[in-house]
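**Student:** I'd like to ask you about the structure that follows.
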Amino acid sequence: MILEGKGLFIWRVRACENGDVQAIADVAKAAGLTHVLLKVADGNFNYNVDVKTGEDLAAKATNALKAKNIKVVGWHYVYGYDPLAEADRAIQRVKQLGLDGYVIDAEAEYKDQNRAARLYMDRLRAGLPSFPIGLSSYRFPNLHPQLPWKEFLLKCDFNMPQVYWINSHNPGDQLLRCLQSFQKITPFRPIIPTGATFKQGLWQPSIEDISQFVETARKLNMPAVNFWEWSKVRHYLPEIWEWFAGYNWPGGPPASQDITQKYISALNQGDLDQVMKLYMPDAVHVTEKHAIQGTTQIRNFYDSFLHKDLAQGVFILANYSGEGSIRHMDWTATARSGSVHNGSDTFGLLKDKIAYHYSDYQIY
């Protein structure tokens, strides 16, 4: 499972719609949410369970949301003090609640705890070998090198960075920087960013901020966006909620993406294998400087293109057109080594793969 569309985090069920899980599900459905991220555990303990009565509000909310065909992803704040117990708690909650996915929220407490992260992920994957798992943490990994990024991401399916532009109003720029930062570390996982729908001090996001964040994610062909957090936006930012609820996330699941979108996504991952999967073995690639054919030559071109010419580049699909066996697309790219302002490509397709590719671009 890779999420698509728009989602919202829930921290405390009782703080949302007065704790009425049916109202939560009704509001989520009316707002067009495709998924909700619900806190199900904290450290070694269950979360959103009433201490006095034992009522499992997470279970009730999950059932109500799933009845509305809304996916429920459980999230879990972890500390690393007892990683095996934390992993066991996660496995137990995923199976008990019938969740659609699981997200690890690892932050300051896990810094410099590489061994604990390995133990945690090994136990987690042993119990959930093929279950969709993601990581939710800092937006710029280069500013937090102490976090065991590799240990977590090696066994994750997706990456859900917290792109909170507090005290600023440039979410698009920060999301681009976030993507570029994760492209520089290994392994890279598909990005599903979480934006800010909360107040902090005198700062709060604007409708323009939220729109810019969502539109930037779409231009980067990210399959989904999330926001933090339900009670914050519903209680304190009603105008933001109205915009978000009314926004129609277009498109379908990643499997139905047009080949131009798949191509741009593969470039943004910097993954040669993913790029080459889009080509026929005897495909032809033509530019102003060369005409090459076959897997080896085309792969060598992309090795240089992605790792030297536009290293750690962020590629944006401006638009595409065509149907059947022909596609045309316009694109831009920004990288440390240069930028492209007016890329223009044409694909000739055979069996839904690229058989002929003409590229027209200039790196500045």
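A note on labels: chains of the structure tokens are A, B, ... as shown, every chain counts residues from 1, and ligands are counted from 1 in their shown order.
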To test your reading of the structure, identify every residue in segment 30-274 of chain A that backbone DSSP assigns to strand (DSSP E), and report it as number ranges by chain.

**Tutor:** A: 35-42, 45-46, 71-78, 101-106, 133-136, 158-159, 194-196, 224-228

**Student:** Go ahead and dump the residues you just picked, N, CA and C atoms, as a CSV table (one decimal), in the first residue's frame.

**Tutor:**
chain,number,residue,atom,x,y,z
A,35,HIS,N,-7.4,8.9,4.0
A,35,HIS,CA,-6.8,8.2,5.1
A,35,HIS,C,-6.7,9.0,6.4
A,36,VAL,N,-6.7,8.4,7.5
A,36,VAL,CA,-6.5,9.1,8.8
A,36,VAL,C,-5.3,8.4,9.5
A,37,LEU,N,-4.4,9.1,10.1
A,37,LEU,CA,-3.3,8.6,10.9
A,37,LEU,C,-3.7,8.8,12.3
A,38,LEU,N,-3.9,7.6,13.0
A,38,LEU,CA,-4.4,7.6,14.4
A,38,LEU,C,-3.3,7.1,15.3
A,39,LYS,N,-3.1,7.8,16.4
A,39,LYS,CA,-2.1,7.4,17.4
A,39,LYS,C,-2.7,6.1,18.1
A,40,VAL,N,-1.9,5.1,18.1
A,40,VAL,CA,-2.3,3.8,18.7
A,40,VAL,C,-1.4,3.3,19.8
A,41,ALA,N,-0.2,3.9,19.9
A,41,ALA,CA,0.7,3.4,20.9
A,41,ALA,C,1.7,4.6,21.2
A,42,ASP,N,2.2,4.5,22.5
A,42,ASP,CA,3.3,5.4,22.9
A,42,ASP,C,4.3,4.6,23.7
A,45,PHE,N,3.3,1.3,25.5
A,45,PHE,CA,1.9,1.3,26.0
A,45,PHE,C,0.9,1.6,24.8
A,46,ASN,N,-0.3,1.0,25.0
A,46,ASN,CA,-1.4,1.4,24.1
A,46,ASN,C,-1.7,2.9,24.3
A,71,LYS,N,-9.0,4.6,4.9
A,71,LYS,CA,-7.9,3.8,5.4
A,71,LYS,C,-7.4,4.4,6.8
A,72,VAL,N,-7.0,3.5,7.7
A,72,VAL,CA,-6.5,3.9,9.0
A,72,VAL,C,-5.1,3.4,9.1
A,73,VAL,N,-4.2,4.4,9.3
A,73,VAL,CA,-2.8,4.1,9.6
A,73,VAL,C,-2.5,4.4,11.0
A,74,GLY,N,-2.0,3.5,11.8
A,74,GLY,CA,-1.7,3.7,13.2
A,74,GLY,C,-0.3,4.3,13.3
A,75,TRP,N,-0.2,5.3,14.1
A,75,TRP,CA,1.2,5.9,14.4
A,75,TRP,C,1.6,5.7,15.8
A,76,HIS,N,2.9,5.7,16.1
A,76,HIS,CA,3.4,5.2,17.4
A,76,HIS,C,4.6,6.0,17.7
A,77,TYR,N,4.6,6.8,18.8
A,77,TYR,CA,5.8,7.6,19.2
A,77,TYR,C,6.7,6.6,20.0
A,78,VAL,N,7.9,6.5,19.5
A,78,VAL,CA,8.9,5.5,20.1
A,78,VAL,C,10.1,6.3,20.7
A,101,GLY,N,-1.9,0.4,7.7
A,101,GLY,CA,-0.5,0.8,7.7
A,101,GLY,C,-0.1,1.2,9.0
A,102,TYR,N,1.2,1.4,9.2
A,102,TYR,CA,1.8,1.7,10.5
A,102,TYR,C,3.0,2.7,10.3
A,103,VAL,N,3.0,3.7,11.1
A,103,VAL,CA,4.0,4.8,11.0
A,103,VAL,C,4.8,4.9,12.3
A,104,ILE,N,6.1,4.9,12.2
A,104,ILE,CA,7.0,5.1,13.3
A,104,ILE,C,7.3,6.6,13.5
A,105,ASP,N,7.0,7.2,14.6
A,105,ASP,CA,7.3,8.6,14.9
A,105,ASP,C,8.5,8.5,15.8
A,106,ALA,N,9.7,8.7,15.2
A,106,ALA,CA,11.0,8.6,16.0
A,106,ALA,C,11.6,10.0,15.9
A,133,ILE,N,4.9,0.0,6.2
A,133,ILE,CA,5.5,0.7,7.3
A,133,ILE,C,6.2,2.0,6.8
A,134,GLY,N,6.0,3.0,7.5
A,134,GLY,CA,6.6,4.3,7.2
A,134,GLY,C,7.3,4.9,8.4
A,135,LEU,N,8.1,6.0,8.1
A,135,LEU,CA,8.8,6.7,9.1
A,135,LEU,C,8.3,8.1,9.1
A,136,SER,N,8.0,8.7,10.3
A,136,SER,CA,7.7,10.1,10.4
A,136,SER,C,8.7,10.8,11.3
A,158,PHE,N,7.8,3.7,3.0
A,158,PHE,CA,7.6,5.1,2.6
A,158,PHE,C,8.1,6.0,3.8
A,159,ASN,N,8.3,7.2,3.4
A,159,ASN,CA,8.9,8.2,4.3
A,159,ASN,C,7.9,9.4,4.5
A,194,THR,N,4.1,15.6,5.6
A,194,THR,CA,3.1,16.1,6.5
A,194,THR,C,3.3,17.6,6.7
A,195,GLY,N,2.2,18.3,6.4
A,195,GLY,CA,2.3,19.8,6.6
A,195,GLY,C,1.7,20.3,7.9
A,196,ALA,N,1.7,21.6,8.0
A,196,ALA,CA,1.3,22.2,9.3
A,196,ALA,C,0.0,22.9,9.2
A,224,ALA,N,0.5,11.5,-2.0
A,224,ALA,CA,-0.4,12.0,-0.9
A,224,ALA,C,0.2,13.0,-0.1
A,225,VAL,N,-0.6,13.7,0.7
A,225,VAL,CA,-0.2,14.7,1.7
A,225,VAL,C,-0.9,14.4,3.0
A,226,ASN,N,-0.4,14.8,4.1
A,226,ASN,CA,-1.0,14.7,5.4
A,226,ASN,C,-0.9,16.1,6.1
A,227,PHE,N,-1.7,16.3,7.1
A,227,PHE,CA,-1.5,17.5,8.0
A,227,PHE,C,-1.6,17.1,9.4
A,228,TRP,N,-0.9,17.9,10.3
A,228,TRP,CA,-1.0,17.8,11.7
A,228,TRP,C,-1.7,19.0,12.2

**Student:** Please provide the set of residues having any atom within 9 Å of Gln204 of chain A, restricted to only C-alpha atoms, with same-chain residues fewer than 3 positions apart removed, written as a PyMOL selection string.

**Tutor:** chain A and resi 166-167+196-201+237

**Student:** With C-alpha atoms retained, export the selected residues as a PDB file, in the first residue's frame.

**Tutor:**
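And here's part_11.pdb as it stands now:
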ATOM      1  CA  ILE A 166       6.927  27.409  11.497  1.00  0.00           C
ATOM      2  CA  ASN A 167       7.632  31.179  11.519  1.00  0.00           C
ATOM      3  CA  ALA A 196       1.345  22.238   9.315  1.00  0.00           C
ATOM      4  CA  THR A 197      -2.264  23.006  10.237  1.00  0.00           C
ATOM      5  CA  PHE A 198      -1.664  24.322  13.755  1.00  0.00           C
ATOM      6  CA  LYS A 199      -0.756  27.541  15.537  1.00  0.00           C
ATOM      7  CA  GLN A 200       2.515  28.130  17.377  1.00  0.00           C
ATOM      8  CA  GLY A 201       2.860  31.340  19.348  1.00  0.00           C
ATOM      9  CA  LEU A 237      -8.162  27.239  12.183  1.00  0.00           C
TER      10      LEU A 237
END

**Student:** So, counting only C-alpha atoms, which residue among A:Ser265, A:Ser211, A:Asn44, A:Gln362 is closest to Trp249 of chain A?

**Tutor:**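 That would be A:Ser211, the residue with the smallest distance to Trp249 of chain A.
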
**Student:** With a distance cut-off of 8 Å and only C-alpha atoms, select the neighbouring residues of segment 269-274 of chain A, excluding the residue or stretch itself and same-chain residues fewer than 2 positions from it, and output the selection as a list in words.

**Tutor:**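 Skipping anything fewer than 2 positions along the chain leaves Gln183, Phe188, Arg189, Pro190, Ser265, Ala266, Leu267, Met276, Lys277, Leu278, Arg299, Tyr302, Asp303, Leu306, His307 and Gln312 of chain A.
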
**Student:** Give me a file of those residues, with C-alpha atoms, as a short mmCIF file (atom, residue, chain, number, x, y, z; two decimals), in the first residue's frame.

**Tutor:**
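For reference, result39.cif as written:
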data_model
loop_
_atom_site.label_atom_id
_atom_site.label_comp_id
_atom_site.auth_asym_id
_atom_site.auth_seq_id
_atom_site.Cartn_x
_atom_site.Cartn_y
_atom_site.Cartn_z
CA GLN A 183 17.82 12.19 -2.06
CA PHE A 188 15.53 6.70 -0.51
CA ARG A 189 11.86 5.93 0.08
CA PRO A 190 8.77 7.53 -1.53
CA SER A 265 8.86 10.28 -10.02
CA ALA A 266 11.72 7.94 -10.99
CA LEU A 267 13.99 10.93 -11.74
CA MET A 276 15.05 1.80 -16.83
CA LYS A 277 11.87 -0.15 -15.99
CA LEU A 278 10.01 2.43 -18.09
CA ARG A 299 21.44 3.62 -18.47
CA TYR A 302 21.00 8.54 -16.90
CA ASP A 303 23.90 7.69 -14.61
CA LEU A 306 21.18 12.13 -12.49
CA HIS A 307 24.51 11.91 -10.67
CA GLN A 312 20.15 15.63 -6.46
#

**Student:** When distances are computed from only C-alpha atoms, which of A:Ala117, A:Leu202, A:Ile292, A:Leu57 shows the smallest separation from Tyr79 of chain A?

**Tutor:**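 Checking each of A:Ala117, A:Leu202, A:Ile292, A:Leu57 against Tyr79 of chain A, counting only C-alpha atoms, the winner is A:Ala117.
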